[in-house]
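Listing of model-v6.cif, mmCIF, C-alpha atoms
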```cif
data_data
loop_
_atom_site.label_atom_id
_atom_site.label_comp_id
_atom_site.auth_asym_id
_atom_site.auth_seq_id
_atom_site.Cartn_x
_atom_site.Cartn_y
_atom_site.Cartn_z
CA MET A 1 -22.06 -45.22 3.34
CA ASN A 2 -20.57 -42.11 4.93
CA ALA A 3 -21.20 -38.71 3.35
CA PRO A 4 -18.06 -36.97 2.01
CA ALA A 5 -16.46 -34.44 4.37
CA LYS A 6 -17.23 -30.83 3.50
CA THR A 7 -13.61 -29.65 3.77
CA GLU A 8 -14.18 -26.52 1.68
CA GLU A 9 -16.92 -25.32 4.01
CA PHE A 10 -14.59 -25.58 7.02
CA ALA A 11 -11.68 -23.96 5.16
CA VAL A 12 -13.57 -20.74 4.50
CA LYS A 13 -15.39 -20.44 7.83
CA ILE A 14 -14.04 -17.42 9.72
CA PRO A 15 -13.86 -17.73 13.52
CA ASP A 16 -16.16 -15.55 15.59
CA GLY A 17 -14.76 -12.46 17.28
CA VAL A 18 -11.94 -11.68 14.83
CA TYR A 19 -11.53 -9.33 11.89
CA ALA A 20 -11.27 -10.84 8.41
CA GLU A 21 -9.38 -8.33 6.24
CA THR A 22 -8.39 -8.21 2.58
CA VAL A 23 -4.75 -8.17 1.42
CA LEU A 24 -4.14 -5.07 -0.71
CA SER A 25 -0.47 -5.43 -1.68
CA VAL A 26 2.53 -7.68 -1.06
CA GLU A 27 6.23 -6.85 -1.47
CA HIS A 28 9.05 -9.38 -1.11
CA PHE A 29 12.43 -7.91 -0.16
CA THR A 30 14.57 -11.04 0.14
CA ASP A 31 14.09 -14.80 0.47
CA HIS A 32 13.54 -14.14 4.18
CA LEU A 33 11.63 -10.84 4.38
CA PHE A 34 8.38 -9.43 3.02
CA ARG A 35 5.69 -6.93 3.86
CA PHE A 36 2.02 -6.68 3.06
CA ARG A 37 -0.75 -4.16 3.48
CA MET A 38 -4.36 -5.03 4.21
CA THR A 39 -7.63 -3.25 4.84
CA ARG A 40 -8.13 -1.72 8.27
CA PRO A 41 -11.31 -2.61 10.16
CA ALA A 42 -13.62 0.39 10.58
CA GLY A 43 -13.65 0.21 14.37
CA PHE A 44 -10.04 -0.84 14.95
CA ARG A 45 -7.99 1.55 17.13
CA PHE A 46 -4.39 1.14 18.20
CA ARG A 47 -1.45 3.18 19.48
CA SER A 48 1.58 3.43 17.20
CA GLY A 49 4.09 0.78 18.29
CA GLU A 50 1.53 -1.81 19.41
CA PHE A 51 1.17 -5.33 18.02
CA ALA A 52 -1.77 -7.52 17.09
CA MET A 53 -2.36 -11.22 16.59
CA ILE A 54 -2.36 -11.86 12.82
CA GLY A 55 -3.48 -15.18 11.37
CA LEU A 56 -4.74 -17.36 8.56
CA MET A 57 -7.14 -20.23 8.28
CA VAL A 58 -4.94 -23.30 7.72
CA GLY A 59 -7.23 -26.18 6.90
CA ASP A 60 -10.11 -25.85 9.33
CA LYS A 61 -8.15 -24.06 12.08
CA PRO A 62 -6.93 -20.47 12.54
CA ILE A 63 -3.22 -20.02 13.28
CA TYR A 64 -2.02 -16.73 14.80
CA ARG A 65 1.28 -15.05 15.55
CA ALA A 66 2.08 -11.72 17.20
CA TYR A 67 3.05 -9.03 14.69
CA SER A 68 3.86 -5.40 15.29
CA ILE A 69 1.63 -3.09 13.29
CA ALA A 70 4.11 -1.29 11.05
CA SER A 71 1.67 1.38 9.89
CA PRO A 72 1.06 4.44 12.11
CA SER A 73 -2.17 4.87 14.05
CA TRP A 74 -3.52 7.41 11.51
CA ASP A 75 -3.08 5.13 8.48
CA GLU A 76 -6.20 3.89 6.71
CA GLU A 77 -4.50 0.51 6.06
CA ILE A 78 -2.63 -2.03 8.19
CA GLU A 79 0.97 -2.82 7.26
CA ILE A 80 2.87 -5.92 8.45
CA PHE A 81 6.61 -6.64 8.01
CA SER A 82 7.43 -10.35 8.38
CA ILE A 83 10.13 -12.94 8.17
CA LYS A 84 9.65 -16.09 6.10
CA VAL A 85 10.11 -19.35 7.96
CA PRO A 86 9.95 -22.30 5.50
CA ASP A 87 8.46 -24.67 8.07
CA GLY A 88 6.75 -22.06 10.24
CA PRO A 89 3.18 -22.97 11.21
CA LEU A 90 1.98 -19.55 10.04
CA THR A 91 4.71 -17.89 7.94
CA SER A 92 5.08 -20.88 5.63
CA HIS A 93 1.53 -20.00 4.50
CA LEU A 94 1.58 -16.24 5.08
CA GLN A 95 4.51 -15.66 2.72
CA ALA A 96 2.36 -16.99 -0.16
CA ILE A 97 -0.52 -14.53 0.25
CA LYS A 98 -1.62 -12.40 -2.69
CA PRO A 99 -3.80 -9.30 -3.08
CA GLY A 100 -7.42 -10.29 -2.55
CA ASP A 101 -6.64 -13.00 0.02
CA THR A 102 -8.14 -12.90 3.54
CA VAL A 103 -6.00 -12.38 6.66
CA LEU A 104 -7.36 -12.69 10.19
CA MET A 105 -6.65 -10.23 13.00
CA ARG A 106 -7.73 -10.42 16.61
CA LYS A 107 -9.49 -7.34 17.88
CA LYS A 108 -7.31 -6.24 20.80
CA PRO A 109 -3.90 -4.65 20.11
CA THR A 110 -1.34 -4.37 22.90
CA GLY A 111 2.37 -3.81 23.52
CA THR A 112 4.96 -1.84 25.46
CA LEU A 113 6.67 0.05 22.63
CA VAL A 114 4.40 3.07 22.95
CA LEU A 115 5.20 6.70 23.70
CA ASP A 116 3.00 6.62 26.82
CA ALA A 117 5.44 4.20 28.48
CA LEU A 118 8.30 6.72 28.37
CA THR A 119 8.91 9.75 30.56
CA PRO A 120 9.58 13.05 28.75
CA GLY A 121 13.02 13.38 27.17
CA LYS A 122 14.94 15.07 24.38
CA ARG A 123 16.32 12.22 22.27
CA LEU A 124 14.61 8.90 21.49
CA TYR A 125 16.63 5.86 20.43
CA MET A 126 14.86 3.01 18.65
CA PHE A 127 17.15 -0.04 18.70
CA SER A 128 16.11 -2.79 16.26
CA THR A 129 17.37 -5.92 14.58
CA GLY A 130 15.73 -7.71 11.65
CA THR A 131 11.94 -7.43 11.66
CA GLY A 132 12.21 -5.70 15.04
CA ILE A 133 12.10 -2.49 13.02
CA ALA A 134 8.34 -2.99 12.47
CA PRO A 135 6.98 -1.14 15.54
CA PHE A 136 9.38 1.71 14.83
CA ALA A 137 8.10 1.88 11.25
CA SER A 138 4.83 2.87 12.92
CA LEU A 139 6.34 5.31 15.40
CA ILE A 140 8.62 7.19 12.98
CA ARG A 141 5.55 7.90 10.84
CA ASP A 142 3.52 9.24 13.78
CA PRO A 143 3.61 13.04 14.26
CA GLU A 144 3.24 12.59 18.04
CA THR A 145 6.75 11.12 18.18
CA TYR A 146 8.18 14.42 16.94
CA GLU A 147 5.98 16.46 19.26
CA LYS A 148 7.51 14.62 22.23
CA PHE A 149 11.15 14.39 21.08
CA ASP A 150 13.59 16.82 19.46
CA GLU A 151 15.64 14.01 17.96
CA VAL A 152 14.71 10.44 16.94
CA ILE A 153 17.42 7.88 16.14
CA LEU A 154 16.42 4.62 14.45
CA THR A 155 19.12 1.94 14.50
CA HIS A 156 18.58 -1.16 12.38
CA THR A 157 21.04 -4.06 12.37
CA CYS A 158 20.81 -6.98 9.95
CA ARG A 159 23.17 -9.60 8.62
CA GLU A 160 23.31 -8.33 5.03
CA VAL A 161 22.69 -5.06 3.21
CA ALA A 162 19.69 -6.45 1.28
CA GLU A 163 17.88 -6.97 4.60
CA LEU A 164 18.10 -3.24 5.36
CA LYS A 165 15.96 -2.23 2.37
CA TYR A 166 12.71 -1.94 4.30
CA GLY A 167 14.29 0.71 6.53
CA PHE A 168 15.63 2.67 3.57
CA ASP A 169 12.22 2.52 1.91
CA LEU A 170 10.67 3.97 5.06
CA MET A 171 13.09 6.91 5.01
CA GLU A 172 12.29 7.55 1.36
CA GLU A 173 8.56 7.39 2.02
CA ILE A 174 8.83 9.95 4.82
CA ARG A 175 10.95 12.30 2.71
CA ASN A 176 8.36 12.20 -0.08
CA HIS A 177 5.24 12.28 2.09
CA GLU A 178 2.92 15.28 1.79
CA PHE A 179 2.82 16.19 5.48
CA LEU A 180 5.25 13.84 7.22
CA SER A 181 8.25 15.40 5.49
CA GLU A 182 7.44 18.73 7.14
CA VAL A 183 6.63 17.23 10.55
CA VAL A 184 9.80 15.12 10.66
CA GLY A 185 12.15 17.64 9.07
CA THR A 186 15.70 16.91 10.26
CA LYS A 187 14.64 15.29 13.54
CA LEU A 188 14.94 11.68 12.31
CA LYS A 189 18.30 9.92 11.94
CA HIS A 190 18.63 6.45 10.42
CA TYR A 191 21.59 4.30 11.50
CA PRO A 192 21.70 0.97 9.57
CA THR A 193 24.46 -1.56 10.28
CA VAL A 194 25.32 -5.06 9.08
CA THR A 195 27.12 -7.93 10.75
CA ARG A 196 28.12 -10.09 7.77
CA ASP A 197 28.53 -7.86 4.70
CA ALA A 198 32.10 -6.55 4.77
CA ALA A 199 31.56 -4.09 1.91
CA TYR A 200 29.15 -1.91 3.90
CA PRO A 201 30.58 1.14 5.72
CA TYR A 202 28.60 0.64 8.94
CA GLN A 203 29.60 -2.66 10.51
CA GLY A 204 28.81 -4.41 13.76
CA ARG A 205 26.26 -5.29 16.39
CA ILE A 206 24.60 -2.28 17.95
CA THR A 207 25.84 -3.31 21.41
CA ASP A 208 29.45 -3.25 20.21
CA LEU A 209 28.90 0.17 18.63
CA ILE A 210 27.52 1.43 21.95
CA ASP A 211 30.48 -0.06 23.83
CA ASN A 212 33.17 1.41 21.58
CA GLY A 213 31.38 4.74 21.19
CA LYS A 214 31.20 4.57 17.39
CA LEU A 215 27.41 4.89 17.43
CA PHE A 216 27.63 8.28 19.11
CA THR A 217 30.61 9.48 17.07
CA ASP A 218 28.93 8.54 13.79
CA LEU A 219 25.72 10.32 14.79
CA GLY A 220 27.42 13.34 16.35
CA VAL A 221 25.64 12.95 19.68
CA PRO A 222 26.93 12.54 23.26
CA PRO A 223 26.87 9.16 25.06
CA LEU A 224 23.65 7.91 26.64
CA ASP A 225 22.38 10.19 29.39
CA PRO A 226 19.29 9.31 31.48
CA ALA A 227 18.48 13.01 31.86
CA VAL A 228 17.72 13.45 28.15
CA ASP A 229 17.82 10.06 26.37
CA ARG A 230 15.00 7.56 26.05
CA GLY A 231 15.09 4.13 24.42
CA MET A 232 12.94 1.44 22.83
CA ILE A 233 14.28 -2.03 22.01
CA CYS A 234 12.89 -4.68 19.65
CA GLY A 235 14.74 -7.66 18.19
CA SER A 236 16.06 -11.09 19.06
CA ALA A 237 16.04 -12.34 22.64
CA ALA A 238 19.83 -12.01 22.91
CA MET A 239 19.76 -8.50 21.48
CA LEU A 240 17.05 -7.44 23.96
CA LYS A 241 19.09 -8.70 26.90
CA ASP A 242 22.38 -7.20 25.75
CA THR A 243 20.98 -3.80 24.76
CA LYS A 244 18.99 -3.58 28.00
CA GLU A 245 22.25 -4.08 29.93
CA ARG A 246 23.90 -1.21 28.04
CA LEU A 247 21.04 1.15 28.77
CA GLU A 248 20.95 0.19 32.43
CA ASN A 249 24.72 0.62 32.68
CA ALA A 250 24.20 4.15 31.34
CA GLY A 251 21.73 4.84 34.15
CA LEU A 252 18.43 4.39 32.30
CA THR A 253 15.56 2.52 34.00
CA GLU A 254 13.09 0.20 32.29
CA GLY A 255 9.48 1.36 32.18
CA ALA A 256 6.07 -0.01 31.24
CA ASN A 257 2.58 1.17 30.33
CA ASN A 258 1.62 1.43 33.99
CA LYS A 259 4.98 2.87 35.08
CA PRO A 260 6.65 5.11 32.47
CA SER A 261 10.42 5.43 32.64
CA GLU A 262 13.51 5.88 30.42
CA PHE A 263 13.34 2.80 28.17
CA VAL A 264 10.99 -0.01 27.17
CA ILE A 265 11.35 -3.47 25.59
CA GLU A 266 8.91 -5.58 23.58
CA ARG A 267 9.12 -9.13 24.95
CA ALA A 268 6.01 -10.55 23.31
CA PHE A 269 7.99 -11.95 20.38
CA VAL A 270 11.43 -11.93 18.84
CA GLY A 271 12.36 -11.09 15.29
#
```

Transcribe the structure of this file into structure tokens.
Amino acid sequence: MNAPAKTEEFAVKIPDGVYAETVLSVEHFTDHLFRFRMTRPAGFRFRSGEFAMIGLMVGDKPIYRAYSIASPSWDEEIEIFSIKVPDGPLTSHLQAIKPGDTVLMRKKPTGTLVLDALTPGKRLYMFSTGTGIAPFASLIRDPETYEKFDEVILTHTCREVAELKYGFDLMEEIRNHEFLSEVVGTKLKHYPTVTRDAAYPYQGRITDLIDNGKLFTDLGVPPLDPAVDRGMICGSAAMLKDTKERLENAGLTEGANNKPSEFVIERAFVG
């Protein structure tokens, strides 16, 4: 007679070489969006704007997905902003986590949406759609961003107004923060738009608002200029392609960690 399988033993076994961190808080914004904060490993270092592989044990196997670290590099905790995919191999489980649960994180962060990948400039645009705002949530809370740029413009485009709440919460957090409010001052501008909610005053895809000039008129800034403007792009695959074309048409050149230039794109995932 065969001995019963020890499924519980396998379910709780953590893989070697990864961090196992504790969920501290979870906030659900909509049926599709949520964020959570977890403990930060003592030896974990990252640059604001980078991403890490986040995972869970599902049965006896770990499942990982690339997630931008939404907290800044100085934060004592790790924050993640995620979509909910009902049948997603990871997010179908991740969206059910609660404080006290264990989340896995691989030890090496990486990514292109870092200040080091840009040449010096005056104005920094952060173009995001959906959960693509996550790396910028890190960067707009990093004092170094405001040391390097006189003006920081965060654009965030979603389908409906409810999906913009994370961005508004970030602005409120910065305004009320003990030292960030002084560091940021009036340098940060938030430009949220929607594509499906007709009642909202700011309508349209960011590429259309670049094309028709409304983005610049609304913000009171001149059109894109490679001499002073820098850009970062994070969102869906189509948005990356279309926004990249607009920046290149304006004369900006794509850069990377090993070759800084006027704009960078995160291609590791879409959101």

query = the PyMOL selection byres ((chain A and resi 100-106) around 7) on the file shown: which residues, as a count of residues only?
reply = 17

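Put simply, the PyMOL selection byres ((chain A and resi 154) around 8) in this file takes in Tyr125, Met126, Phe127, Ser128, Phe136, Val152, Ile153, Thr155, His156, Leu188, Lys189, His190 and Tyr191 of chain A.
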
The PyMOL selection byres ((chain A and resi 225) around 12) resolved against shown file, as a PDB file with C-alpha atoms, in the frame of the given file:
```
ATOM      1  CA  GLY A 121      13.020  13.380  27.170  1.00  0.00           C
ATOM      2  CA  LYS A 122      14.940  15.070  24.380  1.00  0.00           C
ATOM      3  CA  ARG A 123      16.320  12.220  22.270  1.00  0.00           C
ATOM      4  CA  LEU A 124      14.610   8.900  21.490  1.00  0.00           C
ATOM      5  CA  TYR A 125      16.630   5.860  20.430  1.00  0.00           C
ATOM      6  CA  PHE A 216      27.630   8.280  19.110  1.00  0.00           C
ATOM      7  CA  VAL A 221      25.640  12.950  19.680  1.00  0.00           C
ATOM      8  CA  PRO A 222      26.930  12.540  23.260  1.00  0.00           C
ATOM      9  CA  PRO A 223      26.870   9.160  25.060  1.00  0.00           C
ATOM     10  CA  LEU A 224      23.650   7.910  26.640  1.00  0.00           C
ATOM     11  CA  PRO A 226      19.290   9.310  31.480  1.00  0.00           C
ATOM     12  CA  ALA A 227      18.480  13.010  31.860  1.00  0.00           C
ATOM     13  CA  VAL A 228      17.720  13.450  28.150  1.00  0.00           C
ATOM     14  CA  ASP A 229      17.820  10.060  26.370  1.00  0.00           C
ATOM     15  CA  ARG A 230      15.000   7.560  26.050  1.00  0.00           C
ATOM     16  CA  GLY A 231      15.090   4.130  24.420  1.00  0.00           C
ATOM     17  CA  ARG A 246      23.900  -1.210  28.040  1.00  0.00           C
ATOM     18  CA  LEU A 247      21.040   1.150  28.770  1.00  0.00           C
ATOM     19  CA  GLU A 248      20.950   0.190  32.430  1.00  0.00           C
ATOM     20  CA  ASN A 249      24.720   0.620  32.680  1.00  0.00           C
ATOM     21  CA  ALA A 250      24.200   4.150  31.340  1.00  0.00           C
ATOM     22  CA  GLY A 251      21.730   4.840  34.150  1.00  0.00           C
ATOM     23  CA  LEU A 252      18.430   4.390  32.300  1.00  0.00           C
ATOM     24  CA  THR A 253      15.560   2.520  34.000  1.00  0.00           C
ATOM     25  CA  GLU A 262      13.510   5.880  30.420  1.00  0.00           C
ATOM     26  CA  PHE A 263      13.340   2.800  28.170  1.00  0.00           C
TER      27      PHE A 263
END
```

Near-A:Ile265 list (12 Å; all atoms listed in the file; drop same-chain fewer than 2 positions) as a compact mmCIF listing (two decimals) with C-alpha atoms, in the frame of the given file:
```txt
# COMPACT_ATOMS: atom_id res chain seq x y z
CA GLY A 49 4.09 0.78 18.29
CA GLU A 50 1.53 -1.81 19.41
CA GLY A 111 2.37 -3.81 23.52
CA THR A 112 4.96 -1.84 25.46
CA LEU A 113 6.67 0.05 22.63
CA VAL A 114 4.40 3.07 22.95
CA ALA A 117 5.44 4.20 28.48
CA LEU A 118 8.30 6.72 28.37
CA TYR A 125 16.63 5.86 20.43
CA MET A 126 14.86 3.01 18.65
CA PHE A 127 17.15 -0.04 18.70
CA SER A 128 16.11 -2.79 16.26
CA GLY A 132 12.21 -5.70 15.04
CA PRO A 135 6.98 -1.14 15.54
CA ARG A 230 15.00 7.56 26.05
CA GLY A 231 15.09 4.13 24.42
CA MET A 232 12.94 1.44 22.83
CA ILE A 233 14.28 -2.03 22.01
CA CYS A 234 12.89 -4.68 19.65
CA GLY A 235 14.74 -7.66 18.19
CA SER A 236 16.06 -11.09 19.06
CA ALA A 237 16.04 -12.34 22.64
CA MET A 239 19.76 -8.50 21.48
CA LEU A 240 17.05 -7.44 23.96
CA LYS A 241 19.09 -8.70 26.90
CA ASP A 242 22.38 -7.20 25.75
CA THR A 243 20.98 -3.80 24.76
CA LYS A 244 18.99 -3.58 28.00
CA GLU A 245 22.25 -4.08 29.93
CA LEU A 247 21.04 1.15 28.77
CA THR A 253 15.56 2.52 34.00
CA GLU A 254 13.09 0.20 32.29
CA GLY A 255 9.48 1.36 32.18
CA ALA A 256 6.07 -0.01 31.24
CA ASN A 257 2.58 1.17 30.33
CA PRO A 260 6.65 5.11 32.47
CA SER A 261 10.42 5.43 32.64
CA GLU A 262 13.51 5.88 30.42
CA PHE A 263 13.34 2.80 28.17
CA ARG A 267 9.12 -9.13 24.95
CA ALA A 268 6.01 -10.55 23.31
CA PHE A 269 7.99 -11.95 20.38
CA VAL A 270 11.43 -11.93 18.84
```

request  = Measuring atom to atom with all atoms listed in the file, identify which of A:Phe29, A:Phe81, A:Tyr67, A:Tyr146 is nearest to A:Phe51.
outcome  =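 Counting all atoms listed in the file, the residue closest to A:Phe51 is A:Tyr67.
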
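Reported to one decimal place, the separation of atom CA of A:Arg37 from atom CA of A:Pro143 is 20.8 Å.
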
key: Nearest to A:Thr186 by atom-to-atom distance, counting all atoms listed in the file, from A:Glu266, A:Asp87, A:Glu76, A:Glu151   =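 Of the candidates, the smallest distance to A:Thr186 is held by A:Glu151.
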
Report, as JSON, the axis-aligned box around all atoms of stretch 139-142 of chain A present in the file, extended by 5 Å on each side; give centre and edge lengths in Å to one decimal place.
```
{"center_x": 6.1, "center_y": 7.3, "center_z": 13.1, "size_x": 15.1, "size_y": 13.9, "size_z": 14.6}
```

key: Point-to-point distance from atom CA of A:Ser68 to atom CA of A:Lys214, Å rounded to tenths   =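 Between atom CA of A:Ser68 and atom CA of A:Lys214 the gap works out to 29.2 Å.
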
key: Residue among A:Asp197, A:Glu79, A:Asp116, A:Glu172 lying closest to A:Asn258, counting all atoms listed in the file   = A:Asp116

key: Residue with smallest distance to A:Leu164 - pool A:Ile133, A:Ala96, A:Val184, A:Ala198, counting all atoms listed in the file   =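 With all atoms listed in the file as the atom set, the closest residue is A:Ile133.
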
Counting all atoms listed in the file, the residue of A:Gly59, A:Pro201, A:Pro109, A:Gly17 that sits nearest A:Arg45 =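 Among the listed residues, the smallest separation from A:Arg45 belongs to A:Pro109.
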
Closest of A:Tyr166, A:Asp16, A:Pro192, A:Thr145 to A:Leu215 - atom-to-atom distances counting only C-alpha atoms = A:Pro192

request  = Quick one: pull the distance between atom CA of A:Pro41 and atom CA of A:Ser71, Å, one decimal.
outcome  = 13.6 Å

task = Do a neighbour search on A:Val85 at 10 Å with all atoms listed in the file, toss out local chain neighbours closer than 3 positions, and write the hits as a ChimeraX atom specification.
result = /A:31-33,82,88-95

Written coordinates, C-alpha atoms of stretch 5-53 of chain A as a CSV table (one decimal), in the first residue's frame:
```csv
chain,number,residue,atom,x,y,z
A,5,ALA,CA,1.4,12.1,-0.6
A,6,LYS,CA,2.7,14.8,1.6
A,7,THR,CA,1.1,17.7,-0.4
A,8,GLU,CA,1.3,20.2,2.5
A,9,GLU,CA,5.0,19.7,2.9
A,10,PHE,CA,5.5,20.6,-0.8
A,11,ALA,CA,3.1,23.5,-0.7
A,12,VAL,CA,5.1,25.4,2.0
A,13,LYS,CA,8.6,24.6,0.8
A,14,ILE,CA,10.2,27.8,-0.4
A,15,PRO,CA,12.6,27.5,-3.4
A,16,ASP,CA,16.3,28.1,-2.7
A,17,GLY,CA,17.8,31.5,-3.8
A,18,VAL,CA,14.7,33.6,-3.5
A,19,TYR,CA,13.3,36.0,-0.9
A,20,ALA,CA,10.2,34.9,1.0
A,21,GLU,CA,8.5,38.1,2.2
A,22,THR,CA,5.4,38.8,4.3
A,23,VAL,CA,2.4,40.8,3.0
A,24,LEU,CA,1.7,43.8,5.1
A,25,SER,CA,-1.3,45.4,3.5
A,26,VAL,CA,-3.6,44.9,0.5
A,27,GLU,CA,-5.8,47.5,-1.2
A,28,HIS,CA,-8.3,46.8,-4.0
A,29,PHE,CA,-9.1,49.7,-6.3
A,30,THR,CA,-11.4,48.1,-8.8
A,31,ASP,CA,-12.4,44.6,-10.0
A,32,HIS,CA,-9.2,44.7,-12.1
A,33,LEU,CA,-6.6,46.6,-10.0
A,34,PHE,CA,-5.0,46.2,-6.6
A,35,ARG,CA,-1.9,47.0,-4.7
A,36,PHE,CA,-0.1,45.4,-1.9
A,37,ARG,CA,2.9,46.2,0.4
A,38,MET,CA,5.3,43.6,1.7
A,39,THR,CA,8.4,43.4,3.9
A,40,ARG,CA,11.7,44.4,2.2
A,41,PRO,CA,14.6,41.9,2.5
A,42,ALA,CA,17.4,43.4,4.5
A,43,GLY,CA,20.0,43.0,1.8
A,44,PHE,CA,17.8,43.9,-1.2
A,45,ARG,CA,19.0,47.0,-3.2
A,46,PHE,CA,17.3,48.4,-6.3
A,47,ARG,CA,17.2,51.6,-8.4
A,48,SER,CA,13.9,53.4,-8.5
A,49,GLY,CA,12.1,52.4,-11.7
A,50,GLU,CA,13.4,48.8,-11.8
A,51,PHE,CA,11.3,45.6,-11.7
A,52,ALA,CA,11.6,42.3,-10.0
A,53,MET,CA,10.2,38.8,-10.5
```
